[in-house]
Each structure stands twice: as C-alpha cells, then as structure tokens.
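A.B. asks: Submitted below is the structure of interest, expressed as structure tokens.
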Amino acid sequence: MSDGESLMADDAHGEGGGLSFHPMDQFEVKSLFGGDIGMFTLTNVTLWLALAVVAVFALMVLTTSKRAVVPGRGQSIAELMYGFVYKMVEDVTGKDGIKYFPYIMTLFMFILCANFLGLIPTSFTTTSHIAVTAVLGFGVFFAVTILGFVKNGAGFLSLFWVSSAPLPLRPILALIEIISYFVRPVSHSIRLAGNMMAGHAVLKVFAGFAQVAAIAPVAIIGVMAIYGLEVLVSAIQAYVFTILTCVYLKDALHPHH
Amino acid sequence: MATDTHSAAEAAGPGMPQLDITTFSNQIFWLLIALVVIFFVLSRVALPRIAAILAERQGTITNDIAAAEDLKVKAQEAEAAYEKALADARGEAQRIAGETKAAIQADLDVAIARADAEIAAKAAESEKAITEIRAGAQEAIREVAKDTAKEIVAAMGGKADARSVTAAVTARMKG
C-alpha cells in the first residue's frame with residue numbers, strides 16, 4: 001500500500017510539473033480541534049455526518065411541521081422523497097417488504113444528503129470513504145442474509161439453485177450465484193465510494209489546471225461540466241444504492257426464482 | 001501507533017486517505033451514530049407524519065368527492081321535485097280552470113234560462129196587453145164612428161137607422 005501511495009504521489013507531482021495537484025487532500029480525515037484521531041475524536045467526518053443528519057431533519061421534519069393538506073414547497077419535496085422510496089420498496093420487494101421501508105428510507109436519505117453536502121466546495125464527502133460505504137454495504141448484506149435465513153430457513157439456499165436451468169448446469173450456476181452473492185456487498189459499497197471519490201478528484205484536477213492562465217477557461221468550463229455531472233451522479237448513486245438494497249431484500253423475502 | 005501511521009499517511013501526500021485504516025474506527029463510530037439518529041428521526045417523526053398527511057389528503061379528497069356526489073344526487077332530487085311540483089301545479093290549474101268554467105257555464109245556463117223565461121213571460125204579457133189595447137181601441141173607434149155617423153146623419157136632417165149605421169161601420173172597419 002505504501003508503494004502504491006508513493007507511486008501515485010509521484011505521478012501527481014510528476015505530471016503537474018510546476019503545478020501543485022492535491023486531488024486527494026479533500027478526502028483527508030482531520031481532527032477538528034487538533035490532536036490524534038481516536039474512535040471518539042470529533043473530526044470533519046463527525047461534522048459532515050452531523051450536517052447530513054441536520055439536512056435530513058430539515059428536509060423531512062421541519063418542512064412537514066405544518067402538516068398542510070395542500071403542501072408547500074418544502075413539504076412537497078418531503079412527500080416526493082417519501083413517495084419515491086415507498087413506491088420503490090413496494091414495487092421491488094412487494095407488499096411484505098413495506099415494513100422495512102424506514103430502514104431503506106434511512107439509507108436513501110443519508111446517502112442523498114451526504115452526497116449533495118459533499119458537492120459544496122471545500123466540504124468533506126463522507127460517502128467517498130470506503131469505511132463509510134462498506135459499513136452501509138456490509139450492513140445491508142448481513143441484514144438481508146440473516147433476514148433470508150430467518151424468514152425462509154434453509155429454503156433461502158434455493159436462491160442459489162436455479163431451478164429453471166437444465167439440471168447439469170445447476171451446480172455451475174450455483175457456484176456463480178454464490179460468488180456473485182458474496183461480491184454484492186463489495187460492489188455495493190465500492191460503487192458508491194468510487195463514484196463519489198472519482199468525481200470529486202476529477203473536479204480537483206480540473207481546478208488544478210485552472211492555475212495555468214492559458215487553459216484556465218477550458219478548465220473552469222470543465223469544472224462546471226463535471227460539477228453538473230456530479231450532481232446527477234450524487235442523486236443516481238443514492239438511487240442505485242437504494243434500489244439494489246431493495247433487490248437484495250426481495251431476494252431475502254422471496255428467494256425462489 | 002495510530003499517530004505514526006497517521007503522520008506517515010500525511011507525509012505520503014496525495015495518497016488515498018480512504019485507505020488510512022487508523023481513521024476507520026472514528027468514521028464507523030460516527031457513521032453508526034448518524035444512521036441511528038436518522039433512523040429514529042425518520043421512523044419516529046418524519047415517516048408517520050408524512051404518512052398521516054398523505055392519508056389525510058386522500059381522506060379529504062375521498063370525502064370531497066363523496067360530498068360532491070351527494071350534492072349532485074340532491075340537486076337531481078331537487079330538480080325532480082321541482083318538475084313534479086310544476087306538473088302538479090299545472091294539473092291543478094287546469095282542473096281549477098275546468099271546474100270554474102263548468103260552474104260558470106252552469107250559472108250562465110241557469111241565468112240564460114231564467115232570462116229566457118222572463119223574457120217569454122214579459123213578451124206574452126205585452127202581447128196580451130197589446131191585444132187588449134188593440135181590442136179596446138177598435139171598440140172605441142167603432143163607438144166613435146157610430147156616434148159620429150149618427151150625428152152627421154142627424155145634422156144632415158136625416159134620421160139615422162141605428163142598425164144600418166152599425167152594419168156600415170162594422171163593414172168599413174173590417175175593410
């Protein structure tokens with residue numbers, strides 16, 4: 001790992017020439033009040049997670065405080081979020097998945113707010129960290145796996161036994177299914193963190209090019225374009241993470257193909 | 001040890017802070033707290049509230065539609081009642097008009113009959129009176145004529161025969 005880091009560091013400094021490129025600095029975890037980072041230290045992670053909580057609270061609780069039958073702007077957004085995720089859960093997992101709706105909603109609102117907060121310049125993107133997304137991804141993985149066995153017992157294993165395939169193929173398919181099942185949490189978490197990190201790093205690289213007057217206009221237009229793309233990616237990744245969670249939940253509730 | 005690794009990571013410059021294992025416990029700890037807080041905020045406050053709002057709206061809409069349906073039915077009933085009342089009134093008016101016409105006709109017939117009878121009686125009386133008057137007049141004329149004829153005859157120096165004078169006057173008056 002240290003080799004890789006030094007290599008990347010060399011690359012970054014090498015291609016920059018006289019420029020200073022620090023596209024990864026924005027991801028550094030820093031202590032807010034100095035000192036070492038322990039488990040309970042208040043860091044920029046703490047700050048931006050707290051802001052995400054505040055954002056969720058503001059979006060879902062403060063806007064609906066009037067309980068208007070004819071909704072205002074804020075309440076419309078909250079209702080839209082609710083309806084969007086509710087319909088997603090209902091469509092993908094069916095009626096019996098509705099009772100897991102608050103968990104899915106928690107994931108969606110957290111990822112969405114964290115992604116968008118990360119787009120604020122000089123902010124810290126919590127969802128760009130593999131530690132964060134891995135907790136989410138593996139949390140979903142363990143939750144649906146345990147739920148699958150609790151709900152279906154050993155019948156949950158039929159998820160890996162594709163009964164619609166010809167008999168000789170089934171063991172091979174089962175192997176593939178099992179591998180894909182265990183790869184799920186990895187892809188689930190790396191997809192989110194990777195998207196966030198890559199987008200933000202690219203923004204930083206373009207911003208770095210803006211230091212050279214000759215290419216600054218192109219670089220700034222590039223920053224604007226990438227920023228627009230990142231807004232899209234932020235929402236889409238929250239959606240993708242949520243709908244995949246719904247799909248996994250559906251597998252746990254209805255393992256039979 | 002944490003300090004060592006951290007400073008090493010910082011010294012490495014633009015490496016991948018994501019792979020700095022020393023910060024994982026911190027991130028995971030605060031993430032779990034954030035998720036639990038969000039979960040409770042959503043499941044205890046926001047989601048029931050929004051569900052209630054949506055249910056209330058659905059209820060309001062359903063009620064309004066039902067009320068509109070009620071009002072429509074009522075309007076139709078009112079229209080039917082109005083039509084019926086109108087038809088009744090029209091029938092009643094025709095009946096009353098008919099009755100009145102019949103009553104008037106009856107009164108009129110009676111009155112006409114009575115008037116006819118009276119007229120007939122009066123006419124008969126008048127006829128009688130005229131006949132009497134005419135008879136009286138002829139008698140008087142005959143008397144006057146007889147007397148006059150006698151006087152004339154006497155004045156001329158003759159002696160009038162009463163029977164021949166009477167016969168002559170009678171014959172004259174018939175002519």
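Naming works like this for the structure tokens: A, B, ... for the chains as they're shown, residue 1 at the start of each chain, ligands 1 onward in shown order.
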Can you check which residues of chain B have any atom within 7 Å of chain A? Use only C-alpha atoms and format it as a PyMOL selection string.
C.D. replies: chain B and resi 3+12-18+23-31+34+38-39+41-43+45-46+50+53+57
A.B. asks: Would you give me, as a PyMOL selection string, the residues in segment 22-192 of chain A that DSSP reads as alpha helix (DSSP H)?
C.D. replies: chain A and resi 44-57+73-93+101-118+130-152+170-192
A.B. asks: What lies within 10 Å of Ala174 of chain A using only C-alpha atoms, ignoring chain neighbours under 6 positions off, as a list in words?
C.D. replies: Leu157, Ser158, Leu159, Phe160, Trp161, Val162 and Ser180 of chain A
A.B. asks: Taking all heavy atoms for each residue, export the selection above as a PDB file, in the first residue's frame.
C.D. replies:
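Result saved to again-v3.pdb:
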```pdb
ATOM      1  N   LEU A 157     -31.478 -21.059   0.720  1.00  0.00           N
ATOM      2  CA  LEU A 157     -30.388 -21.535  -0.154  1.00  0.00           C
ATOM      3  C   LEU A 157     -30.892 -21.793  -1.564  1.00  0.00           C
ATOM      4  O   LEU A 157     -30.096 -21.879  -2.498  1.00  0.00           O
ATOM      5  CB  LEU A 157     -29.769 -22.805   0.428  1.00  0.00           C
ATOM      6  CG  LEU A 157     -29.015 -22.570   1.750  1.00  0.00           C
ATOM      7  CD1 LEU A 157     -28.589 -23.893   2.344  1.00  0.00           C
ATOM      8  CD2 LEU A 157     -27.815 -21.671   1.530  1.00  0.00           C
ATOM      9  N   SER A 158     -32.206 -21.923  -1.731  1.00  0.00           N
ATOM     10  CA  SER A 158     -32.735 -22.142  -3.084  1.00  0.00           C
ATOM     11  C   SER A 158     -32.468 -20.934  -3.974  1.00  0.00           C
ATOM     12  O   SER A 158     -32.605 -21.018  -5.188  1.00  0.00           O
ATOM     13  CB  SER A 158     -34.234 -22.428  -3.022  1.00  0.00           C
ATOM     14  OG  SER A 158     -34.916 -21.268  -2.608  1.00  0.00           O
ATOM     15  N   LEU A 159     -32.092 -19.813  -3.355  1.00  0.00           N
ATOM     16  CA  LEU A 159     -31.685 -18.643  -4.125  1.00  0.00           C
ATOM     17  C   LEU A 159     -30.533 -18.992  -5.061  1.00  0.00           C
ATOM     18  O   LEU A 159     -30.415 -18.449  -6.150  1.00  0.00           O
ATOM     19  CB  LEU A 159     -31.257 -17.526  -3.156  1.00  0.00           C
ATOM     20  CG  LEU A 159     -30.807 -16.205  -3.765  1.00  0.00           C
ATOM     21  CD1 LEU A 159     -31.953 -15.529  -4.483  1.00  0.00           C
ATOM     22  CD2 LEU A 159     -30.275 -15.286  -2.674  1.00  0.00           C
ATOM     23  N   PHE A 160     -29.696 -19.928  -4.624  1.00  0.00           N
ATOM     24  CA  PHE A 160     -28.501 -20.274  -5.414  1.00  0.00           C
ATOM     25  C   PHE A 160     -28.763 -21.456  -6.340  1.00  0.00           C
ATOM     26  O   PHE A 160     -27.908 -21.823  -7.125  1.00  0.00           O
ATOM     27  CB  PHE A 160     -27.336 -20.625  -4.465  1.00  0.00           C
ATOM     28  CG  PHE A 160     -27.076 -19.540  -3.461  1.00  0.00           C
ATOM     29  CD1 PHE A 160     -27.293 -19.755  -2.110  1.00  0.00           C
ATOM     30  CD2 PHE A 160     -26.638 -18.295  -3.866  1.00  0.00           C
ATOM     31  CE1 PHE A 160     -27.074 -18.755  -1.189  1.00  0.00           C
ATOM     32  CE2 PHE A 160     -26.417 -17.291  -2.950  1.00  0.00           C
ATOM     33  CZ  PHE A 160     -26.637 -17.518  -1.614  1.00  0.00           C
ATOM     34  N   TRP A 161     -29.902 -22.077  -6.220  1.00  0.00           N
ATOM     35  CA  TRP A 161     -30.198 -23.271  -7.016  1.00  0.00           C
ATOM     36  C   TRP A 161     -31.233 -22.879  -8.070  1.00  0.00           C
ATOM     37  O   TRP A 161     -32.428 -22.802  -7.791  1.00  0.00           O
ATOM     38  CB  TRP A 161     -30.731 -24.376  -6.100  1.00  0.00           C
ATOM     39  CG  TRP A 161     -30.699 -25.729  -6.725  1.00  0.00           C
ATOM     40  CD1 TRP A 161     -31.782 -26.458  -7.119  1.00  0.00           C
ATOM     41  CD2 TRP A 161     -29.537 -26.494  -7.038  1.00  0.00           C
ATOM     42  NE1 TRP A 161     -31.359 -27.648  -7.652  1.00  0.00           N
ATOM     43  CE2 TRP A 161     -29.990 -27.695  -7.629  1.00  0.00           C
ATOM     44  CE3 TRP A 161     -28.162 -26.290  -6.897  1.00  0.00           C
ATOM     45  CZ2 TRP A 161     -29.104 -28.683  -8.063  1.00  0.00           C
ATOM     46  CZ3 TRP A 161     -27.293 -27.280  -7.327  1.00  0.00           C
ATOM     47  CH2 TRP A 161     -27.765 -28.466  -7.906  1.00  0.00           C
ATOM     48  N   VAL A 162     -30.759 -22.578  -9.259  1.00  0.00           N
ATOM     49  CA  VAL A 162     -31.638 -22.045 -10.297  1.00  0.00           C
ATOM     50  C   VAL A 162     -32.469 -23.181 -10.871  1.00  0.00           C
ATOM     51  O   VAL A 162     -32.003 -23.929 -11.729  1.00  0.00           O
ATOM     52  CB  VAL A 162     -30.822 -21.356 -11.407  1.00  0.00           C
ATOM     53  CG1 VAL A 162     -31.757 -20.654 -12.385  1.00  0.00           C
ATOM     54  CG2 VAL A 162     -29.839 -20.377 -10.810  1.00  0.00           C
ATOM     55  N   SER A 180     -21.339 -14.438  -6.832  1.00  0.00           N
ATOM     56  CA  SER A 180     -21.942 -13.121  -7.052  1.00  0.00           C
ATOM     57  C   SER A 180     -22.614 -12.621  -5.783  1.00  0.00           C
ATOM     58  O   SER A 180     -22.610 -11.435  -5.493  1.00  0.00           O
ATOM     59  CB  SER A 180     -22.932 -13.172  -8.214  1.00  0.00           C
ATOM     60  OG  SER A 180     -24.201 -13.581  -7.773  1.00  0.00           O
TER      61      SER A 180
END
```
A.B. asks: Could you name the residues that touch Gly155 of chain A at 9 Å or less, counting only C-alpha atoms, but leaving out those on the same chain fewer than 4 positions away, as an NGL selection string?
C.D. replies: :A and (148-149 or 151 or 159 or 255-256)
A.B. asks: Neighbouring residues of Ile98 of chain A were defined as those with any atom within 8 Å, considering only C-alpha atoms; residues of the same chain fewer than 5 positions away were excluded. Please report them as a VMD selection string.
C.D. replies: chain A and resid 86 89 to 90 93
A.B. asks: Can you tell me which residues surround segment 133-146 of chain B at a distance of at most 7 Å, considering only C-alpha atoms, apart from same-chain residues fewer than 5 positions away, and format the answer as a VMD selection string?
C.D. replies: chain B and resid 165 to 166 169
